[in-house]
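Here's the structure, in structure tokens; my notes come after.
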Amino acid sequence: MHKLTEMRKSILSVGLMAMAAAVISSCGGVRREPGRIYVPDMAYSRAVETYTDHSNLKQAGIYYDGTPVAGTIKRGGIGAFPLAKDQGTDTANYVASKQIANPLPPLNEKDMAEAKRLYNVNCGICHGEKLDGNGPLYNGGNGPYPIAPRNLVADPIVSKMPMGQMMYSVTYGKNLMGSYASQLSTKQRWMVIHYVKSMQPGGALPVQAAAATDTTKATK
Amino acid sequence: MNQPKSILRRSLSVCLVIFSLLFGNQLLAQEGKALFQTNCASCHALNKDLTGPALAGVETRGPWGDRKKLYAWIHNPSAFAKSDTYAADLLKKYSPVVMTAFPQLTEKEIDAIVDYINTPPPTPAPGAGAAAPAEPKDSSFLFGILAIVLGVVALILLQINSTLKKLSDEQAGIHRAEPVSFWKNKAYIATCIILLFLTGGYFLAQGAIGLGRQTKYQPEQPIYYSHKVHAGINQVNCLYCHGGAMEGKHANIPSVNVCMNCHAAINEYKGPELLREDGSKVDGTAEIQKLYKHAGWDPTAKKYTSEGEPIEWIKIHSLPDHVYFNHSQHVKAGGVQCQTCHGPIQEMGEVYQFSTLSMGWCINCHRETAVKFKDNGFYSMYEKFHNDIKSGKMDSVTVEKIGGTECQKCHY
């Protein structure tokens with residue numbers, strides 16, 4: 001009888017200690033596993049979604065091509081840049097791009113603000129929010145970027161460059177600069193170029209905003 | 001882990017509401033708080049230097065007593081720092097973090113934020129204050145140990161008690177029936193069952209709630225990509241890589257060509273030492289080499305030599321299929337900062353899931369978030385709310401009021 005209670009006591013304390021250990025181990029550490037879910041058929045999409053393996057779609061009988069049909073323009077968009085990328089050491093299209101005009105009319109204040117935002121997000125990191133070629137990545141030579149990005153306002157190469165040629169560089173990349181065609185739509189790239197041109201000496205100021213479309217403002 | 005914090009926050013806000021009701025400046029304080037939380041709170045705390053300095057008593061320091069200077073600073077910190085040595089020193093002290101410019105904040109809004117900052121921390125009012133834990137430290141482990149020790153002591157005492165009773169009974173010559181043995185005693189059995197039921201139920205409920213939630217999930221990625229280095233130290237805008245957040249449902253993981261925009265030139269890592277979560281060192285330069293392999297880039301020849309292959313990043317934040325979430329709705333229309341949901345991403349070496357992404361978490365934000373109507377064409381159809389606010393019928397409009405808790409917004 002006495003022995004039994006002794007034994008029970010020890011079993012009890014061992015059990016309690018095991019529980020405490022389990023609690024401790026579950027608290028600390030890095031969570032490398034996502035954990036479990038219930039009702040997986042509600043959690044995981046049966047349809048093919050973004051970030052799933054797209055490599056075997058054809059084997060599964062799915063013929064999907066995410067690229068738009070050649071020659072089509074999305075609603076509200078504008079036509080693609082008409083020149084192809086120069087191959088090898090050829091510069092024919094780069095030179096020819098000087099003749100391409102910016103298809104967008106001069107920007108109004110609202111569009112200019114959006115163009116500025118796009119510039120600051122995508123270009124400012126190297127070319128600087130002041131367009132002086134001293135963005136945080138270069139930082140006067142102290143940043144990780146090894147070469148000085150082009151000063152877009154003071155450098156006559158850029159300030160005298162026609163918009164079409166700037167578009168060529170933004171679309172296909174130039175020197176160490178990469179292509180921004182995957183990050184900015186054709187329209188957005190032309191908008192950014194309008195913005196850069198407006199910031200250069202003698203640049204055009206934004207035109208007067210069109211009649212207010214904002215109903216909140218209109219009722220004031 | 002977030003529970004104590006949210007309790008603290010909730011009770012703080014309760015106190016704040018009571019306080020502001022007392023002094024009749026409810027609108028201003030609430031507005032200031034909302035503005036503070038949306039714009040400042042991801043870097044600034046009131047009483048603690050975090051990414052940015054503590055903001056309590058800001059007006060007693062440096063030039064900030066002068067509102068004009070404060071406006072100028074908030075509207076454009078780096079420009080203001082050029083004309084003011086205190087601000088320049090601040091920038092240097094918190095370098096490389098530079099305070100974000102908030103040109104969209106009007107002077108009135110900044111006043112509201114400062115009013116919120118200056119609102120003295122609510123003295124624990126009877127009732128409301130009781131809920132505010134002074135220490136958000138998790139001490140449940142200590143309590144657990146204490147409970148175990150007490151339990152063992154109680155058992156021992158019970159045994160001693162019964163033995164002593166038996167002895168005294170024998171001495172007094174009282175003859176009692178053999179006591180019911182421990183494992184047959186119904187009181188003991190019932191207590192044990194109830195205890196097991198309660199603890200078991202607690203863990204079962206916690207486990208069930210935790211199913212499908214991935215808070216703190218921090219998988220090891222194929223390449224050690226540090227958001228701290230990119231978004232923190234080098235100040236790459238979140239939208240540079242995740243521009244999809246402004247355009248549509250997905251924020252998008254950038255394709256390798258976006259990495260190569262910079263890494264065609266940046267081929268070595270020279271910044272501060274990088275450590276994995278387990279403490280092992282990371283060779284940044286070697287990680288960049290991994291990127292080149294995926295990109296098919298030959299760093300010596302400085303050109304693409306092979307087809308390359310996509311990097312198979314491991315998805316961290318995932319919502320179940322029956323939940324619809326759209327980034328652009330929140331980022332572009334709602335003006336929500338990335339850090340509001342993703343936490344201090346600019347300080348993360350390895351990214352972890354900051355928020356629970358539970359339904360309660362979503363709903364809670366939708367209930368509390370005041371919609372920014374100013375310069376927001378998306379909401380211009382809600383003229384009624386606008387006019388109601390103007391005529392004083394309402395003081396603010398929550399997301400819930402514009403359909404933010406409609407089932408179909410998320411479940412479709």
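All residue names refer to the structure tokens as shown: chains lettered A, B, ... in order, residues numbered from 1 in each chain, ligands numbered from 1 in order.
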With chain A as the partner and 6 Å as the cut-off, tabulate the residues of chain B that qualify, each row holding the nearest pair of atoms and their distance in Å to one decimal, using only C-alpha atoms, sorted by chain and rising number, as a tab-separated table.
```
residue	atom	partner	partner_atom	distance
B:Leu211	CA	A:Ile37	CA	4.7
B:Gly212	CA	A:Ile37	CA	4.0
B:Gln214	CA	A:Pro34	CA	5.5
B:Tyr217	CA	A:Arg31	CA	5.0
B:Gln218	CA	A:Arg32	CA	5.3
B:Pro219	CA	A:Arg32	CA	4.5
B:Asn234	CA	A:Leu137	CA	6.0
B:Asn237	CA	A:Val121	CA	5.7
B:Tyr240	CA	A:Asn122	CA	5.4
B:Asn261	CA	A:Gly178	CA	4.6
B:Ile266	CA	A:Tyr145	CA	5.8
B:Pro320	CA	A:Ala43	CA	3.9
B:Asp321	CA	A:Ala43	CA	4.7
B:Gly377	CA	A:Asp214	CA	5.9
B:Ser380	CA	A:Thr216	CA	5.3
```
From a backbone DSSP assignment, name each residue in stretch 173-386 of chain B labelled helix (DSSP H, G or I), as a compact mmCIF listing (two decimals) with C-alpha atoms, in the first residue's frame.
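Generated output (result.txt):
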```txt
# COMPACT_ATOMS: atom_id res chain seq x y z
CA PHE B 182 -6.59 6.68 -3.05
CA TRP B 183 -7.52 5.48 -6.53
CA LYS B 184 -11.04 4.44 -5.50
CA LYS B 186 -14.60 9.30 -5.77
CA ALA B 187 -13.70 12.81 -4.66
CA TYR B 188 -10.15 12.33 -5.88
CA ILE B 189 -11.27 10.74 -9.13
CA ALA B 190 -13.76 13.54 -9.79
CA THR B 191 -11.16 16.24 -9.07
CA CYS B 192 -8.68 14.54 -11.36
CA ILE B 193 -11.23 14.23 -14.15
CA ILE B 194 -12.26 17.87 -13.86
CA LEU B 195 -8.63 19.01 -13.85
CA LEU B 196 -7.81 16.83 -16.85
CA PHE B 197 -10.91 18.09 -18.61
CA LEU B 198 -9.96 21.72 -18.03
CA THR B 199 -6.28 21.42 -19.01
CA GLY B 200 -7.10 19.10 -21.88
CA GLY B 201 -9.83 21.43 -23.06
CA TYR B 202 -7.51 24.42 -22.85
CA PHE B 203 -4.78 22.79 -24.93
CA LEU B 204 -7.33 21.35 -27.35
CA ALA B 205 -8.90 24.76 -27.88
CA GLN B 206 -5.52 26.46 -28.25
CA GLY B 207 -4.37 23.79 -30.67
CA ALA B 208 -7.55 24.04 -32.70
CA ILE B 209 -7.33 27.84 -32.86
CA GLY B 210 -3.70 27.49 -33.92
CA HIS B 227 15.02 42.69 -45.82
CA LYS B 228 17.05 44.48 -43.17
CA VAL B 229 19.87 45.05 -45.63
CA HIS B 230 17.67 45.96 -48.59
CA ALA B 231 14.69 47.80 -47.14
CA GLY B 232 16.36 48.94 -43.92
CA ILE B 233 19.98 49.85 -44.51
CA CYS B 238 9.04 48.09 -50.67
CA LEU B 239 7.24 48.81 -53.91
CA TYR B 240 10.44 48.59 -55.94
CA CYS B 241 10.23 44.81 -55.68
CA GLY B 244 2.11 44.59 -57.44
CA ALA B 245 0.80 45.77 -54.06
CA MET B 246 -0.36 48.96 -55.80
CA GLU B 247 -1.71 47.21 -58.87
CA VAL B 256 15.22 37.42 -60.77
CA ASN B 257 15.61 40.22 -63.34
CA VAL B 258 14.48 42.72 -60.70
CA CYS B 259 17.26 41.51 -58.37
CA MET B 260 19.71 41.85 -61.23
CA ASN B 261 18.78 45.53 -61.74
CA CYS B 262 21.13 46.25 -58.86
CA HIS B 263 23.09 43.03 -58.45
CA GLY B 284 26.53 37.74 -48.11
CA THR B 285 28.81 37.54 -51.13
CA ALA B 286 28.19 33.79 -51.43
CA GLU B 287 24.44 34.42 -51.30
CA ILE B 288 24.76 36.89 -54.18
CA GLN B 289 26.62 34.19 -56.12
CA LYS B 290 23.60 31.92 -55.60
CA LEU B 291 21.48 34.62 -57.20
CA TYR B 292 23.81 34.72 -60.22
CA LYS B 293 23.36 30.98 -60.63
CA HIS B 294 19.60 31.38 -60.73
CA ALA B 295 19.85 34.33 -63.10
CA HIS B 327 -3.25 44.17 -51.71
CA SER B 328 -4.15 47.17 -53.88
CA GLN B 329 -7.44 47.65 -52.03
CA HIS B 330 -5.46 48.12 -48.83
CA VAL B 331 -2.29 49.78 -50.09
CA LYS B 332 -3.59 52.03 -52.84
CA ALA B 333 -7.17 52.76 -51.82
CA CYS B 338 3.20 47.62 -45.36
CA GLN B 339 4.42 47.46 -41.76
CA THR B 340 0.89 47.63 -40.37
CA CYS B 341 0.39 43.98 -41.32
CA HIS B 342 3.90 42.75 -42.03
CA ILE B 345 9.96 44.11 -42.08
CA GLN B 346 12.85 46.55 -42.56
CA GLU B 347 14.48 45.04 -39.48
CA MET B 359 -10.25 36.58 -39.19
CA GLY B 360 -10.54 38.32 -35.83
CA TRP B 361 -7.38 40.24 -36.62
CA CYS B 362 -8.76 41.43 -39.96
CA ILE B 363 -12.13 42.37 -38.52
CA ASN B 364 -10.58 44.19 -35.61
CA CYS B 365 -8.57 46.43 -37.94
CA HIS B 366 -11.63 47.07 -40.09
CA ARG B 367 -13.57 48.12 -37.03
CA GLU B 368 -10.88 50.47 -35.78
CA GLY B 377 -11.21 59.32 -55.29
CA PHE B 378 -12.02 55.72 -54.52
CA TYR B 379 -14.45 56.74 -51.83
CA GLU B 383 -20.88 61.75 -50.18
CA LYS B 384 -23.47 61.05 -47.56
CA PHE B 385 -20.87 60.24 -44.96
CA HIS B 386 -19.02 63.35 -45.96
```
Next on the checklist: Which residue is closest to A:Ala113? Choose from B:Leu319, B:Thr85, B:Pro53, B:Gln104 and count only C-alpha atoms.
Outcome noted: B:Gln104
Item to check | Picked from stretch 293-397 of chain B by DSSP as strand (DSSP E), as number ranges by chain | outcome: B: 297-298, 303-304
Checklist entry - Within 7 Å of stretch 69-77 of chain B, counting only C-alpha atoms, which residues qualify if same-chain residues fewer than 4 places away don't, as JSON, numbers by chain? => result {"B": [63, 64, 81, 99, 101, 102, 103, 107]}
Take the selection from the previous step and output its residues with C-alpha atoms, as a PDB file, in the first residue's frame.
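What follows is the written file part.pdb:
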```pdb
ATOM      1  CA  PRO B  63      13.617  72.951 -32.110  1.00  0.00           C
ATOM      2  CA  TRP B  64      10.367  71.003 -31.912  1.00  0.00           C
ATOM      3  CA  ALA B  81      17.922  68.726 -41.416  1.00  0.00           C
ATOM      4  CA  MET B  99      12.535  59.511 -41.203  1.00  0.00           C
ATOM      5  CA  ALA B 101       8.652  62.378 -45.283  1.00  0.00           C
ATOM      6  CA  PHE B 102       4.942  62.889 -44.737  1.00  0.00           C
ATOM      7  CA  PRO B 103       4.048  65.685 -47.123  1.00  0.00           C
ATOM      8  CA  GLU B 107      -0.694  71.000 -40.288  1.00  0.00           C
TER       9      GLU B 107
END
```
